[in-house]
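One file, data.pdb, is given below (PDB, C-alpha atoms).
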MODEL        1
ATOM      1  CA  MET A  13      31.976  -4.815 -75.951  1.00  0.00           C
ATOM      2  CA  ARG A  14      32.917  -4.657 -72.252  1.00  0.00           C
ATOM      3  CA  ILE A  15      32.882  -0.866 -72.437  1.00  0.00           C
ATOM      4  CA  VAL A  16      29.376  -0.948 -73.923  1.00  0.00           C
ATOM      5  CA  HIS A  17      28.182  -3.253 -71.134  1.00  0.00           C
ATOM      6  CA  SER A  18      29.813  -1.005 -68.549  1.00  0.00           C
ATOM      7  CA  TYR A  19      28.007   2.085 -69.861  1.00  0.00           C
ATOM      8  CA  PHE A  20      24.733   0.157 -70.081  1.00  0.00           C
ATOM      9  CA  ASP A  21      25.048  -1.077 -66.475  1.00  0.00           C
ATOM     10  CA  ALA A  22      25.795   2.470 -65.314  1.00  0.00           C
ATOM     11  CA  PHE A  23      22.741   3.798 -67.178  1.00  0.00           C
ATOM     12  CA  VAL A  24      20.460   1.116 -65.705  1.00  0.00           C
ATOM     13  CA  HIS A  25      21.841   1.721 -62.220  1.00  0.00           C
ATOM     14  CA  LEU A  26      21.178   5.477 -62.589  1.00  0.00           C
ATOM     15  CA  TRP A  27      17.469   4.953 -63.253  1.00  0.00           C
ATOM     16  CA  TYR A  28      16.947   1.692 -61.357  1.00  0.00           C
ATOM     17  CA  PRO A  29      19.465   1.775 -58.492  1.00  0.00           C
ATOM     18  CA  HIS A  30      20.396  -1.551 -56.949  1.00  0.00           C
ATOM     19  CA  ILE A  31      20.576  -0.929 -53.201  1.00  0.00           C
ATOM     20  CA  CYS A  32      21.038  -3.000 -50.066  1.00  0.00           C
ATOM     21  CA  LEU A  33      17.707  -3.880 -48.455  1.00  0.00           C
ATOM     22  CA  GLN A  34      19.168  -3.286 -44.999  1.00  0.00           C
ATOM     23  CA  CYS A  35      21.365  -0.176 -45.107  1.00  0.00           C
ATOM     24  CA  GLY A  36      20.522   1.363 -48.486  1.00  0.00           C
ATOM     25  CA  THR A  37      24.057   1.453 -49.905  1.00  0.00           C
ATOM     26  CA  ASP A  38      24.555   0.812 -53.599  1.00  0.00           C
ATOM     27  CA  GLN A  39      27.914  -0.860 -52.938  1.00  0.00           C
ATOM     28  CA  LEU A  40      26.865  -4.473 -53.327  1.00  0.00           C
ATOM     29  CA  GLU A  41      27.279  -7.328 -55.768  1.00  0.00           C
ATOM     30  CA  LYS A  42      24.852  -7.332 -58.683  1.00  0.00           C
ATOM     31  CA  GLN A  43      23.450 -10.760 -57.736  1.00  0.00           C
ATOM     32  CA  ASP A  44      22.888  -9.894 -54.052  1.00  0.00           C
ATOM     33  CA  VAL A  45      20.179  -7.989 -52.161  1.00  0.00           C
ATOM     34  CA  LEU A  46      22.420  -7.149 -49.195  1.00  0.00           C
ATOM     35  CA  CYS A  47      25.878  -5.613 -49.108  1.00  0.00           C
ATOM     36  CA  ARG A  48      28.765  -7.627 -47.689  1.00  0.00           C
ATOM     37  CA  PRO A  49      28.827  -5.855 -44.267  1.00  0.00           C
ATOM     38  CA  CYS A  50      25.073  -6.501 -43.837  1.00  0.00           C
ATOM     39  CA  ILE A  51      25.502 -10.127 -44.924  1.00  0.00           C
ATOM     40  CA  ASN A  52      28.188 -10.520 -42.274  1.00  0.00           C
ATOM     41  CA  LYS A  53      25.838  -9.078 -39.631  1.00  0.00           C
ATOM     42  CA  LEU A  54      22.969 -11.479 -40.362  1.00  0.00           C
ATOM     43  CA  PRO A  55      21.772 -13.547 -37.356  1.00  0.00           C
ATOM     44  CA  TYR A  56      23.444 -16.850 -38.201  1.00  0.00           C
ATOM     45  CA  THR A  57      22.317 -19.750 -36.009  1.00  0.00           C
ATOM     46  CA  ASP A  58      25.734 -21.441 -35.672  1.00  0.00           C
ATOM     47  CA  PHE A  59      23.856 -24.579 -34.580  1.00  0.00           C
ATOM     48  CA  GLU A  60      26.715 -26.730 -35.860  1.00  0.00           C
ATOM     49  CA  ASN A  61      28.689 -25.528 -32.826  1.00  0.00           C
ATOM     50  CA  GLU A  62      25.985 -26.523 -30.331  1.00  0.00           C
ATOM     51  CA  TRP A  63      26.053 -30.044 -28.920  1.00  0.00           C
ATOM     52  CA  ASN A  64      22.282 -29.859 -28.378  1.00  0.00           C
ATOM     53  CA  ASN A  65      21.324 -28.736 -31.897  1.00  0.00           C
ATOM     54  CA  PRO A  66      17.772 -27.251 -31.701  1.00  0.00           C
ATOM     55  CA  ILE A  67      16.912 -28.458 -35.212  1.00  0.00           C
ATOM     56  CA  HIS A  68      17.745 -32.056 -34.333  1.00  0.00           C
ATOM     57  CA  LYS A  69      15.763 -31.535 -31.133  1.00  0.00           C
ATOM     58  CA  ILE A  70      12.631 -30.533 -33.078  1.00  0.00           C
ATOM     59  CA  PHE A  71      12.632 -33.914 -34.798  1.00  0.00           C
ATOM     60  CA  TRP A  72      13.566 -36.147 -31.853  1.00  0.00           C
ATOM     61  CA  GLY A  73      11.346 -39.219 -31.943  1.00  0.00           C
ATOM     62  CA  ARG A  74       9.972 -38.192 -35.333  1.00  0.00           C
ATOM     63  CA  VAL A  75      12.756 -38.156 -37.944  1.00  0.00           C
ATOM     64  CA  SER A  76      16.422 -39.081 -37.667  1.00  0.00           C
ATOM     65  CA  PHE A  77      18.628 -36.850 -39.806  1.00  0.00           C
ATOM     66  CA  CYS A  78      22.291 -37.163 -40.661  1.00  0.00           C
ATOM     67  CA  TYR A  79      22.491 -33.346 -40.653  1.00  0.00           C
ATOM     68  CA  ALA A  80      19.794 -30.906 -39.565  1.00  0.00           C
ATOM     69  CA  ASN A  81      20.385 -27.179 -39.643  1.00  0.00           C
ATOM     70  CA  ALA A  82      19.098 -23.714 -40.494  1.00  0.00           C
ATOM     71  CA  LEU A  83      21.212 -20.825 -41.699  1.00  0.00           C
ATOM     72  CA  LEU A  84      19.532 -17.830 -40.028  1.00  0.00           C
ATOM     73  CA  PHE A  85      17.211 -16.986 -37.152  1.00  0.00           C
ATOM     74  CA  PHE A  86      13.820 -15.684 -38.295  1.00  0.00           C
ATOM     75  CA  THR A  87      12.245 -13.085 -36.012  1.00  0.00           C
ATOM     76  CA  LYS A  88       9.428 -10.619 -36.529  1.00  0.00           C
ATOM     77  CA  ASP A  89      10.302  -7.213 -38.048  1.00  0.00           C
ATOM     78  CA  SER A  90      13.875  -8.308 -38.791  1.00  0.00           C
ATOM     79  CA  ILE A  91      15.997  -8.173 -41.945  1.00  0.00           C
ATOM     80  CA  VAL A  92      15.498 -11.936 -42.234  1.00  0.00           C
ATOM     81  CA  GLN A  93      11.711 -11.507 -42.290  1.00  0.00           C
ATOM     82  CA  LEU A  94      12.187  -8.865 -44.993  1.00  0.00           C
ATOM     83  CA  LEU A  95      14.320 -11.286 -47.039  1.00  0.00           C
ATOM     84  CA  ILE A  96      11.661 -13.995 -46.843  1.00  0.00           C
ATOM     85  CA  THR A  97       8.896 -11.497 -47.643  1.00  0.00           C
ATOM     86  CA  GLU A  98      10.844 -10.271 -50.670  1.00  0.00           C
ATOM     87  CA  LEU A  99      11.360 -13.868 -51.765  1.00  0.00           C
ATOM     88  CA  LYS A 100       7.821 -15.171 -51.280  1.00  0.00           C
ATOM     89  CA  TYR A 101       5.641 -12.152 -52.015  1.00  0.00           C
ATOM     90  CA  GLN A 102       7.693  -9.601 -53.979  1.00  0.00           C
ATOM     91  CA  GLN A 103       9.133 -12.015 -56.553  1.00  0.00           C
ATOM     92  CA  ASN A 104      12.660 -11.055 -55.545  1.00  0.00           C
ATOM     93  CA  LYS A 105      14.521 -14.100 -56.835  1.00  0.00           C
ATOM     94  CA  LYS A 106      17.870 -12.589 -55.893  1.00  0.00           C
ATOM     95  CA  ALA A 107      16.983 -13.071 -52.225  1.00  0.00           C
ATOM     96  CA  ALA A 108      16.689 -16.837 -52.804  1.00  0.00           C
ATOM     97  CA  TRP A 109      19.882 -16.900 -54.852  1.00  0.00           C
ATOM     98  CA  MET A 110      21.821 -15.108 -52.107  1.00  0.00           C
ATOM     99  CA  LEU A 111      20.463 -17.323 -49.317  1.00  0.00           C
ATOM    100  CA  GLY A 112      21.229 -20.428 -51.361  1.00  0.00           C
ATOM    101  CA  ARG A 113      24.808 -19.377 -52.008  1.00  0.00           C
ATOM    102  CA  LEU A 114      25.351 -18.694 -48.311  1.00  0.00           C
ATOM    103  CA  MET A 115      23.966 -22.163 -47.559  1.00  0.00           C
ATOM    104  CA  GLY A 116      26.201 -23.659 -50.229  1.00  0.00           C
ATOM    105  CA  HIS A 117      29.338 -22.137 -48.708  1.00  0.00           C
ATOM    106  CA  TYR A 118      28.279 -23.468 -45.310  1.00  0.00           C
ATOM    107  CA  MET A 119      27.875 -26.964 -46.769  1.00  0.00           C
ATOM    108  CA  MET A 120      31.333 -26.864 -48.338  1.00  0.00           C
ATOM    109  CA  GLU A 121      32.822 -26.089 -44.931  1.00  0.00           C
ATOM    110  CA  GLN A 122      30.662 -28.056 -42.495  1.00  0.00           C
ATOM    111  CA  MET A 123      29.251 -31.104 -44.304  1.00  0.00           C
ATOM    112  CA  LYS A 124      32.393 -32.900 -45.453  1.00  0.00           C
ATOM    113  CA  THR A 125      32.144 -36.029 -43.300  1.00  0.00           C
ATOM    114  CA  GLU A 126      28.938 -37.299 -44.938  1.00  0.00           C
ATOM    115  CA  PRO A 127      28.697 -35.388 -48.219  1.00  0.00           C
ATOM    116  CA  VAL A 128      25.290 -34.807 -49.758  1.00  0.00           C
ATOM    117  CA  ASP A 129      24.499 -36.344 -53.157  1.00  0.00           C
ATOM    118  CA  ILE A 130      21.204 -34.688 -54.146  1.00  0.00           C
ATOM    119  CA  LEU A 131      19.299 -31.493 -53.352  1.00  0.00           C
ATOM    120  CA  ILE A 132      15.522 -31.863 -52.978  1.00  0.00           C
ATOM    121  CA  PRO A 133      13.431 -28.676 -52.735  1.00  0.00           C
ATOM    122  CA  ILE A 134      10.260 -28.941 -50.658  1.00  0.00           C
ATOM    123  CA  PRO A 135       7.498 -28.455 -53.254  1.00  0.00           C
ATOM    124  CA  ILE A 136       4.552 -26.088 -53.255  1.00  0.00           C
ATOM    125  CA  SER A 137       1.161 -26.801 -54.781  1.00  0.00           C
ATOM    126  CA  PRO A 138       0.434 -26.069 -58.466  1.00  0.00           C
ATOM    127  CA  SER A 139      -1.986 -23.306 -57.448  1.00  0.00           C
ATOM    128  CA  LYS A 140       0.624 -21.630 -55.235  1.00  0.00           C
ATOM    129  CA  LYS A 141       3.286 -21.983 -57.940  1.00  0.00           C
ATOM    130  CA  HIS A 142       0.911 -20.477 -60.519  1.00  0.00           C
ATOM    131  CA  GLN A 143       0.324 -17.543 -58.180  1.00  0.00           C
ATOM    132  CA  ARG A 144       3.980 -17.048 -57.241  1.00  0.00           C
ATOM    133  CA  LYS A 145       5.451 -18.119 -60.625  1.00  0.00           C
ATOM    134  CA  TYR A 146       8.168 -20.162 -58.908  1.00  0.00           C
ATOM    135  CA  ASN A 147       8.967 -22.395 -55.944  1.00  0.00           C
ATOM    136  CA  GLN A 148      11.184 -20.480 -53.508  1.00  0.00           C
ATOM    137  CA  ALA A 149      12.834 -23.682 -52.213  1.00  0.00           C
ATOM    138  CA  GLN A 150      13.796 -24.582 -55.767  1.00  0.00           C
ATOM    139  CA  LEU A 151      15.428 -21.172 -56.251  1.00  0.00           C
ATOM    140  CA  ILE A 152      17.341 -21.612 -52.986  1.00  0.00           C
ATOM    141  CA  CYS A 153      18.547 -24.990 -54.284  1.00  0.00           C
ATOM    142  CA  LYS A 154      19.830 -23.307 -57.430  1.00  0.00           C
ATOM    143  CA  GLY A 155      21.839 -20.924 -55.261  1.00  0.00           C
ATOM    144  CA  ILE A 156      23.271 -23.887 -53.351  1.00  0.00           C
ATOM    145  CA  GLN A 157      24.020 -25.639 -56.636  1.00  0.00           C
ATOM    146  CA  SER A 158      25.994 -22.627 -57.921  1.00  0.00           C
ATOM    147  CA  VAL A 159      28.466 -23.236 -55.090  1.00  0.00           C
ATOM    148  CA  THR A 160      28.379 -27.018 -54.600  1.00  0.00           C
ATOM    149  CA  GLN A 161      27.532 -28.228 -58.139  1.00  0.00           C
ATOM    150  CA  LEU A 162      25.148 -30.765 -56.591  1.00  0.00           C
ATOM    151  CA  PRO A 163      22.262 -32.010 -58.758  1.00  0.00           C
ATOM    152  CA  ILE A 164      18.695 -30.921 -57.968  1.00  0.00           C
ATOM    153  CA  VAL A 165      15.855 -33.431 -58.227  1.00  0.00           C
ATOM    154  CA  GLU A 166      12.809 -31.220 -58.739  1.00  0.00           C
ATOM    155  CA  ASP A 167      10.282 -33.883 -59.683  1.00  0.00           C
ATOM    156  CA  LEU A 168      10.697 -36.300 -56.756  1.00  0.00           C
ATOM    157  CA  LEU A 169       8.319 -34.786 -54.208  1.00  0.00           C
ATOM    158  CA  ILE A 170       4.959 -33.596 -55.488  1.00  0.00           C
ATOM    159  CA  LYS A 171       2.397 -31.522 -53.581  1.00  0.00           C
ATOM    160  CA  PRO A 172      -0.866 -32.083 -55.476  1.00  0.00           C
ATOM    161  CA  TYR A 173      -2.998 -29.574 -53.587  1.00  0.00           C
ATOM    162  CA  GLU A 174      -2.695 -26.594 -51.254  1.00  0.00           C
ATOM    163  CA  SER A 175      -3.216 -27.164 -47.538  1.00  0.00           C
ATOM    164  CA  ALA A 176      -5.121 -24.635 -45.454  1.00  0.00           C
ATOM    165  CA  SER A 177      -2.974 -22.000 -43.766  1.00  0.00           C
ATOM    166  CA  GLN A 178      -0.907 -23.507 -40.947  1.00  0.00           C
ATOM    167  CA  THR A 179       0.393 -20.240 -39.505  1.00  0.00           C
ATOM    168  CA  HIS A 180      -1.568 -20.267 -36.228  1.00  0.00           C
ATOM    169  CA  LYS A 181      -1.556 -24.014 -35.574  1.00  0.00           C
ATOM    170  CA  ASP A 182       0.709 -25.917 -33.214  1.00  0.00           C
ATOM    171  CA  ARG A 183       2.867 -28.836 -34.399  1.00  0.00           C
ATOM    172  CA  ILE A 184       0.276 -31.563 -33.799  1.00  0.00           C
ATOM    173  CA  ARG A 185      -2.519 -29.697 -35.548  1.00  0.00           C
ATOM    174  CA  ARG A 186      -0.189 -28.790 -38.411  1.00  0.00           C
ATOM    175  CA  MET A 187       0.794 -32.411 -38.848  1.00  0.00           C
ATOM    176  CA  GLU A 188      -2.843 -33.491 -38.846  1.00  0.00           C
ATOM    177  CA  ALA A 189      -3.711 -30.813 -41.404  1.00  0.00           C
ATOM    178  CA  ILE A 190      -0.764 -31.536 -43.688  1.00  0.00           C
ATOM    179  CA  GLY A 191      -1.178 -35.301 -43.425  1.00  0.00           C
ATOM    180  CA  GLN A 192       0.008 -37.236 -46.450  1.00  0.00           C
ATOM    181  CA  SER A 193       0.192 -34.099 -48.585  1.00  0.00           C
ATOM    182  CA  PHE A 194       3.278 -35.165 -50.562  1.00  0.00           C
ATOM    183  CA  LEU A 195       3.576 -37.797 -53.276  1.00  0.00           C
ATOM    184  CA  VAL A 196       6.787 -39.394 -54.524  1.00  0.00           C
ATOM    185  CA  GLU A 197       7.602 -39.880 -58.192  1.00  0.00           C
ATOM    186  CA  HIS A 198      10.706 -41.370 -59.834  1.00  0.00           C
ATOM    187  CA  PRO A 199      12.051 -42.949 -56.607  1.00  0.00           C
ATOM    188  CA  HIS A 200      14.859 -44.631 -58.580  1.00  0.00           C
ATOM    189  CA  LYS A 201      16.593 -41.249 -58.777  1.00  0.00           C
ATOM    190  CA  ILE A 202      17.450 -41.296 -55.068  1.00  0.00           C
ATOM    191  CA  LYS A 203      18.402 -44.942 -54.570  1.00  0.00           C
ATOM    192  CA  ASN A 204      21.428 -45.219 -52.248  1.00  0.00           C
ATOM    193  CA  LYS A 205      21.855 -41.420 -52.199  1.00  0.00           C
ATOM    194  CA  HIS A 206      22.307 -38.912 -49.380  1.00  0.00           C
ATOM    195  CA  LEU A 207      19.361 -36.547 -49.739  1.00  0.00           C
ATOM    196  CA  LEU A 208      19.223 -32.939 -48.556  1.00  0.00           C
ATOM    197  CA  LEU A 209      15.724 -31.523 -48.093  1.00  0.00           C
ATOM    198  CA  VAL A 210      15.758 -27.755 -48.619  1.00  0.00           C
ATOM    199  CA  ASP A 211      13.144 -25.184 -47.614  1.00  0.00           C
ATOM    200  CA  ASP A 212      12.945 -21.480 -46.826  1.00  0.00           C
ATOM    201  CA  VAL A 213      11.465 -21.459 -43.296  1.00  0.00           C
ATOM    202  CA  LEU A 214      11.391 -24.026 -40.492  1.00  0.00           C
ATOM    203  CA  THR A 215       8.870 -23.511 -37.701  1.00  0.00           C
ATOM    204  CA  THR A 216       7.359 -26.671 -36.200  1.00  0.00           C
ATOM    205  CA  GLY A 217       8.910 -29.101 -38.666  1.00  0.00           C
ATOM    206  CA  ALA A 218       5.531 -30.497 -39.757  1.00  0.00           C
ATOM    207  CA  THR A 219       6.163 -29.908 -43.461  1.00  0.00           C
ATOM    208  CA  ILE A 220       9.596 -31.538 -43.359  1.00  0.00           C
ATOM    209  CA  GLU A 221       8.182 -34.454 -41.370  1.00  0.00           C
ATOM    210  CA  ALA A 222       5.402 -34.964 -43.934  1.00  0.00           C
ATOM    211  CA  ALA A 223       8.024 -35.021 -46.705  1.00  0.00           C
ATOM    212  CA  CYS A 224      10.044 -37.627 -44.799  1.00  0.00           C
ATOM    213  CA  ILE A 225       6.939 -39.777 -44.293  1.00  0.00           C
ATOM    214  CA  ALA A 226       6.359 -39.673 -48.055  1.00  0.00           C
ATOM    215  CA  LEU A 227       9.979 -40.732 -48.624  1.00  0.00           C
ATOM    216  CA  SER A 228       9.921 -43.480 -45.989  1.00  0.00           C
ATOM    217  CA  ASN A 229       9.157 -46.230 -48.498  1.00  0.00           C
ATOM    218  CA  THR A 230      11.937 -45.281 -50.902  1.00  0.00           C
ATOM    219  CA  GLU A 231      15.554 -46.479 -50.892  1.00  0.00           C
ATOM    220  CA  TRP A 232      18.015 -43.805 -49.837  1.00  0.00           C
ATOM    221  CA  LYS A 233      21.290 -43.948 -47.897  1.00  0.00           C
ATOM    222  CA  ASN A 234      21.000 -40.858 -45.671  1.00  0.00           C
ATOM    223  CA  ILE A 235      18.631 -37.931 -45.321  1.00  0.00           C
ATOM    224  CA  SER A 236      19.380 -34.430 -44.039  1.00  0.00           C
ATOM    225  CA  VAL A 237      17.559 -31.106 -43.857  1.00  0.00           C
ATOM    226  CA  PHE A 238      18.837 -27.556 -44.315  1.00  0.00           C
ATOM    227  CA  THR A 239      16.522 -24.539 -44.266  1.00  0.00           C
ATOM    228  CA  ALA A 240      17.329 -20.898 -44.923  1.00  0.00           C
ATOM    229  CA  THR A 241      15.692 -19.733 -41.683  1.00  0.00           C
ATOM    230  CA  TYR A 242      14.492 -21.007 -38.307  1.00  0.00           C
ATOM    231  CA  THR A 243      11.606 -19.283 -36.533  1.00  0.00           C
ATOM    232  CA  ILE A 244      12.124 -18.338 -32.888  1.00  0.00           C
TER
ENDMDL
END
The structure in this file should be written as structure tokens.
Amino acid sequence: MRIVHSYFDAFVHLWYPHICLQCGTDQLEKQDVLCRPCINKLPYTDFENEWNNPIHKIFWGRVSFCYANALLFFTKDSIVQLLITELKYQQNKKAAWMLGRLMGHYMMEQMKTEPVDILIPIPISPSKKHQRKYNQAQLICKGIQSVTQLPIVEDLLIKPYESASQTHKDRIRRMEAIGQSFLVEHPHKIKNKHLLLVDDVLTTGATIEAACIALSNTEWKNISVFTATYTI
């Protein structure tokens, strides 16, 4: 049977080659979209080694997190922008899976002092999910889960409608536009738990802040945030 699978994989690869999005090599793991050398060259933030963590700084006076971090820097015309584009607009679920696994390995190494209990993906609206067929933050959580085995609570935060595009707005205007755009259901699932909010991109922090406002009346022990990318 293994021989049959091996021949089948070779046949599929011949007609539909699986290549690295960055360098074009076909020497990469089946579940990845980048080869190992290109993964190693990604622009990791390493914020955990900075005493003045920029992610914490974004939320000063707004939200107090136990942990606050982002895996990669997001810049225009970079491989990271390509990864997010593939994830959000090209239905490339492997990009989310790879980012999530990288985040999961980071968590296993760096978040031992106050371990997380539950993964919470930042939701998208039903209309956006119908268009995209999935929630990218949820897929990232599944990648994290494959490494950490942490449970995912997918039905806690609900986004009932789609906000207008926030791309060209500053933090204050984004916050005003987003407002109370999240609802909370089944709050008993997070009682006395350390929550990790997970999203794909962090820019001004308005979306994360709105999620925290929605969760402010629920009973949890700690709350942290970890995003795949941070816009600079």
Env of Ser76 of chain A: 9 Å cut, atoms = all atoms listed in the file, seq-sep filter 4 positions within chain, self excluded. Answer as a PDB file with C-alpha atoms, in the coordinates of the input.
ATOM      1  CA  HIS A  68      17.745 -32.056 -34.333  1.00  0.00           C
ATOM      2  CA  PHE A  71      12.632 -33.914 -34.798  1.00  0.00           C
ATOM      3  CA  TRP A  72      13.566 -36.147 -31.853  1.00  0.00           C
ATOM      4  CA  ILE A 235      18.631 -37.931 -45.321  1.00  0.00           C
ATOM      5  CA  SER A 236      19.380 -34.430 -44.039  1.00  0.00           C
TER       6      SER A 236
END
Write out as a ChimeraX atom specification each polymer residue whose atoms come within 10 Å of Phe86 of chain A, counting all atoms listed in the file; drop sequence neighbours fewer than 6 positions from it.
/A:55-57,92-96,213-215,240-244
Of the candidates A:Arg144, A:Lys171, A:Lys124, A:Arg113, which one gets nearest to Cys78 of chain A if we count only C-alpha atoms?
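Looking only at the distances to Cys78 of chain A, the closest residue turns out to be A:Lys124.
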Would you mind telling me which residue in A:Leu207, A:Leu151, A:Ile156, A:Ala223 lies nearest to Ile170 of chain A when using all atoms listed in the file?
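Looking only at the distances to Ile170 of chain A, the closest residue turns out to be A:Ala223.
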Which residues, named as in the file, does the PyMOL selection byres ((chain A and resi 114) around 10) pick out? Answer as a list in words.
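Output of the PyMOL selection byres ((chain A and resi 114) around 10): Ile51, Leu83, Ala108, Trp109, Met110, Leu111, Gly112, Arg113, Met115, Gly116, His117, Tyr118, Met119, Ile152, Gly155, Ile156, Val159 and Ala240 of chain A.
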For the structure shown, which residues end up in the PyMOL selection byres ((chain A and resi 220) around 12)? Put them as a compact mmCIF listing (two decimals) with C-alpha atoms, keeping the file's coordinate frame, please?
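After the write, result-v7.txt holds the following:
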# COMPACT_ATOMS: atom_id res chain seq x y z
CA ILE A 67 16.91 -28.46 -35.21
CA ILE A 70 12.63 -30.53 -33.08
CA PHE A 71 12.63 -33.91 -34.80
CA ARG A 74 9.97 -38.19 -35.33
CA VAL A 75 12.76 -38.16 -37.94
CA SER A 76 16.42 -39.08 -37.67
CA PHE A 77 18.63 -36.85 -39.81
CA ALA A 80 19.79 -30.91 -39.56
CA ILE A 132 15.52 -31.86 -52.98
CA PRO A 133 13.43 -28.68 -52.74
CA ILE A 134 10.26 -28.94 -50.66
CA PRO A 135 7.50 -28.46 -53.25
CA LEU A 169 8.32 -34.79 -54.21
CA ARG A 183 2.87 -28.84 -34.40
CA ARG A 186 -0.19 -28.79 -38.41
CA MET A 187 0.79 -32.41 -38.85
CA ILE A 190 -0.76 -31.54 -43.69
CA GLY A 191 -1.18 -35.30 -43.42
CA GLN A 192 0.01 -37.24 -46.45
CA SER A 193 0.19 -34.10 -48.58
CA PHE A 194 3.28 -35.16 -50.56
CA LEU A 208 19.22 -32.94 -48.56
CA LEU A 209 15.72 -31.52 -48.09
CA VAL A 210 15.76 -27.76 -48.62
CA ASP A 211 13.14 -25.18 -47.61
CA ASP A 212 12.94 -21.48 -46.83
CA VAL A 213 11.46 -21.46 -43.30
CA LEU A 214 11.39 -24.03 -40.49
CA THR A 215 8.87 -23.51 -37.70
CA THR A 216 7.36 -26.67 -36.20
CA GLY A 217 8.91 -29.10 -38.67
CA ALA A 218 5.53 -30.50 -39.76
CA THR A 219 6.16 -29.91 -43.46
CA GLU A 221 8.18 -34.45 -41.37
CA ALA A 222 5.40 -34.96 -43.93
CA ALA A 223 8.02 -35.02 -46.70
CA CYS A 224 10.04 -37.63 -44.80
CA ILE A 225 6.94 -39.78 -44.29
CA ALA A 226 6.36 -39.67 -48.06
CA LEU A 227 9.98 -40.73 -48.62
CA ILE A 235 18.63 -37.93 -45.32
CA SER A 236 19.38 -34.43 -44.04
CA VAL A 237 17.56 -31.11 -43.86
CA PHE A 238 18.84 -27.56 -44.32
CA THR A 239 16.52 -24.54 -44.27
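Between atom CA of Ala107 of chain A and atom CA of Ala149 of chain A lies a distance of 11.4 Å.
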Could you jot down the atom CA of Ile164 of chain A to atom CA of Met120 of chain A separation for me, Å, one decimal place?
16.4 Å
